[in-house]
Structure formats: C-alpha cells, structure tokens
Amino acid sequence: QVTLVESGGGLVQSGESLTLSCVGHKMLISRYLMGWYRQLPGEQRTLVATVTPGGDTNYVDSVKGRFTISRNNAENTINLQMNNLQPEDTAVYYCNARLSVVNYWGRGTQVTVSS
C-alpha cells in the first residue's frame, strides 16, 4: 500500500524555524510532482509549495523567501524548510504526490506558531 508519512511538525515561537519531512513508501517520489499543502479547521486545503521531478519549485506568495521545498530522491523524501515562522503559518501540513490522475496524501503534521 502506497503511503506518505510526514514528520517534523511542532510548536514554535514566532520567528523560529521548522523542517518538515515526507517519506514515500511503496512508491518512487522521483516520478511525482510533490507538494506541501496546509489546512486550518473548517477551511480548504491550500497549496504551500511544489517541486517537479526535474527540481523546479513553486511557492504561494505568502511563504516566498521564507520556505524552501526540496527533494531527496535517494532517500525517497521531500522536505519543507520553514524559516521566520509566523502565527498565520499555523495549520496542519500535508504532503502530496501527483502523477497524472494518481494523487496521494499523507495524514498531516501539525505546525503551531505562537506569537
């Protein structure tokens, strides 16, 4: 069974950093468009950042310059380095893998930023 497992969430203060990781099981991340999304209770899941199989990255405007998405195909993982975290970054962060009509989600990891 294909799974994506996130880790690295936690509680930090405003201005601090966290690194989220996502490892793929029974799949090759190198083939997929990988991304991080986030969701607040009662709201829709929204895009944070993506990285293509070729390494091209894309970010939502609110995280540009603060977050960095990267992939490590040898370890079958992607990471999201989050710097200068702000309270508005508080959310559950989900890892996503997409290839054509195939779409996988992790179960999420909570990030909480206190002011």
# chains A, B, ... in the order shown; residues from 1 in each chain; ligands from 1
>>> residues_around(residues="Thr112 in chain A", least_positions_apart="5", cutoff="8 Å", atoms="only C-alpha atoms", output="list in words")
Gly9, Gly10, Leu11, Val12, Pro87, Asp89, Thr90 and Ala91 of chain A
>>> residues_around(residues="Asn96 in chain A", least_positions_apart="5", cutoff="7 Å", atoms="only C-alpha atoms", output="PyMOL selection string")
chain A and resi 34-36+104-106
>>> residues_around(residues="range 4-6 of chain A", least_positions_apart="6", cutoff="9 Å", atoms="only C-alpha atoms", output="short mmCIF file (atom, residue, chain, number, x, y, z; two decimals) with C-alpha atoms, in the first residue's frame")
data_model
loop_
_atom_site.label_atom_id
_atom_site.label_comp_id
_atom_site.auth_asym_id
_atom_site.auth_seq_id
_atom_site.Cartn_x
_atom_site.Cartn_y
_atom_site.Cartn_z
CA LEU A 20 9.02 19.12 7.68
CA SER A 21 9.85 15.81 6.02
CA CYS A 22 7.76 13.43 3.96
CA VAL A 23 8.85 9.90 3.09
CA GLY A 24 7.16 7.79 0.47
CA HIS A 25 6.52 4.08 0.95
CA MET A 27 6.34 4.49 -4.45
CA TYR A 93 0.64 20.48 6.78
CA TYR A 94 0.06 17.68 4.28
CA CYS A 95 2.42 16.02 1.84
CA ASN A 96 1.07 15.34 -1.65
CA ALA A 97 2.27 13.25 -4.59
CA TYR A 104 -1.66 10.55 -2.81
CA TRP A 105 -1.90 12.38 0.53
CA GLY A 106 -0.19 11.95 3.83
CA ARG A 107 -2.08 12.17 7.11
CA GLY A 108 -0.62 15.55 8.03
CA THR A 109 1.56 17.08 10.70
#
>>> atom_distance(atom1="CA of Gly65 in chain A", atom2="CA of Ile78 in chain A")
18.2 Å
>>> residues_around(residues="Leu47 in chain A", least_positions_apart="2", cutoff="9 Å", atoms="only C-alpha atoms", output="ChimeraX atom specification")
/A:35-38,45,49-50,59-60
>>> write_last_selection(atoms="C-alpha atoms", output="PDB file, in the first residue's frame")
ATOM      1  CA  GLY A  35       3.950  19.262  -2.808  1.00  0.00           C
ATOM      2  CA  TRP A  36       3.110  20.597   0.601  1.00  0.00           C
ATOM      3  CA  TYR A  37      -0.357  21.884   1.427  1.00  0.00           C
ATOM      4  CA  ARG A  38      -1.830  23.259   4.630  1.00  0.00           C
ATOM      5  CA  ARG A  45      -6.570  22.733   1.985  1.00  0.00           C
ATOM      6  CA  ALA A  49       4.866  24.725  -2.356  1.00  0.00           C
ATOM      7  CA  THR A  50       5.572  22.179  -5.083  1.00  0.00           C
ATOM      8  CA  TYR A  59       5.551  28.743  -3.806  1.00  0.00           C
ATOM      9  CA  VAL A  60       2.475  30.567  -2.642  1.00  0.00           C
TER      10      VAL A  60
END
>>> residues_around(residues="Leu28 in chain A", least_positions_apart="2", cutoff="12 Å", atoms="only C-alpha atoms", output="JSON, numbers by chain")
{"A": [2, 3, 4, 23, 24, 25, 26, 30, 31, 32, 33, 34, 53, 71, 72, 73, 74, 75, 76, 77, 78, 97, 98, 99]}
